[in-house]
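Enquirer: If you scroll down you'll find the structure; I have some questions about it.
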Amino acid sequence: LHVKVSGLYALGPAATDLAWQQRAVALTVEAYGPDRVHWGSDFPPVLDHTTFQAAQADDVLDSLSPAAAARVRGAALADLLDRASGGRP
């Protein structure tokens, strides 16, 4: 089971609070591990609610360790896709 984290703004008014977003992501990573949580920008619908820069999640992922943030930001998904393709380019 893998979890894509995106569109937090759509969960209601409290979800636009950075501390709330950081806690939600931290709890998700705690529950599933950084190798099973993948950040998604929710692009382009996110642009109706925030800026492209804010959708990058740098602030949201700051609550994680640098290693966990790197895994969630894309390293874990890259590894998963590499394994699924048998390591083929």
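FYI, nothing fancy with the structure tokens labels: chains A, B, ... in order, residues from 1 per chain, ligands from 1 as they appear.
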Applying 9 Å and only C-alpha atoms, which residues near region 33-43 of chain A remain after dropping the ones on its own chain fewer than 4 positions away? List them as a PyMOL selection string.
Expert: chain A and resi 1-7+25+28-29+47+52+55-57+67-77+79-80
Enquirer: Step one, run DSSP on the backbone; step two, keep only residues of chain A assigned to strand (DSSP E); then write them as a list in words.
Expert: Val3, Lys4, Val5, Val37, His38 and Trp39 of chain A
Enquirer: From a backbone DSSP assignment, name each residue in region 6-72 of chain A labelled alpha helix (DSSP H), as a ChimeraX atom specification.
Expert: /A:18-32,52-55,58-61,66-70
Enquirer: Can I get the selection written as a PDB file, in the first residue's frame, with C-alpha atoms?
Expert:
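Contents of part.pdb, freshly written:
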ATOM      1  CA  LEU A  18       1.186  25.085   7.673  1.00  0.00           C
ATOM      2  CA  ALA A  19       1.453  23.488  11.127  1.00  0.00           C
ATOM      3  CA  TRP A  20      -1.645  21.386  10.386  1.00  0.00           C
ATOM      4  CA  GLN A  21      -0.208  20.295   7.028  1.00  0.00           C
ATOM      5  CA  GLN A  22       3.141  19.405   8.591  1.00  0.00           C
ATOM      6  CA  ARG A  23       1.439  17.335  11.298  1.00  0.00           C
ATOM      7  CA  ALA A  24      -0.785  15.562   8.752  1.00  0.00           C
ATOM      8  CA  VAL A  25       2.205  14.626   6.602  1.00  0.00           C
ATOM      9  CA  ALA A  26       4.295  13.609   9.639  1.00  0.00           C
ATOM     10  CA  LEU A  27       1.500  11.334  10.884  1.00  0.00           C
ATOM     11  CA  THR A  28       1.106   9.793   7.438  1.00  0.00           C
ATOM     12  CA  VAL A  29       4.845   9.129   7.194  1.00  0.00           C
ATOM     13  CA  GLU A  30       4.837   7.743  10.725  1.00  0.00           C
ATOM     14  CA  ALA A  31       1.991   5.374   9.832  1.00  0.00           C
ATOM     15  CA  TYR A  32       3.213   4.191   6.412  1.00  0.00           C
ATOM     16  CA  PHE A  52       2.879  26.770  -7.779  1.00  0.00           C
ATOM     17  CA  GLN A  53       5.770  27.462  -5.385  1.00  0.00           C
ATOM     18  CA  ALA A  54       3.612  26.625  -2.354  1.00  0.00           C
ATOM     19  CA  ALA A  55       2.527  23.403  -4.041  1.00  0.00           C
ATOM     20  CA  ASP A  58       9.134  22.511   0.772  1.00  0.00           C
ATOM     21  CA  ASP A  59       7.586  24.064   3.915  1.00  0.00           C
ATOM     22  CA  VAL A  60       5.285  21.111   4.527  1.00  0.00           C
ATOM     23  CA  LEU A  61       8.077  18.553   4.288  1.00  0.00           C
ATOM     24  CA  PRO A  66      16.045  15.405   5.440  1.00  0.00           C
ATOM     25  CA  ALA A  67      16.254  11.712   4.522  1.00  0.00           C
ATOM     26  CA  ALA A  68      12.507  11.152   4.948  1.00  0.00           C
ATOM     27  CA  ALA A  69      11.680  14.356   3.046  1.00  0.00           C
ATOM     28  CA  ALA A  70      13.879  13.222   0.144  1.00  0.00           C
TER      29      ALA A  70
END
Enquirer: For a test of reading the model, state the distance in Å between CA of Ala10 (chain A) and CA of Ser65 (chain A), rounded to one decimal.
Expert: 25.4 Å
Enquirer: Quick one: distance from CA of Pro45 (chain A) to CA of Leu81 (chain A) in Å, one decimal?
Expert: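 Separation between CA of Pro45 (chain A) and CA of Leu81 (chain A): 24.9 Å.
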Enquirer: Could you tell me which of A:Ser63, A:Ala84, A:Ala78, A:His49 comes closest to Leu8 (chain A) if we count only C-alpha atoms?
Expert: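 Answer, going by the shortest atom-to-atom distance: A:His49.
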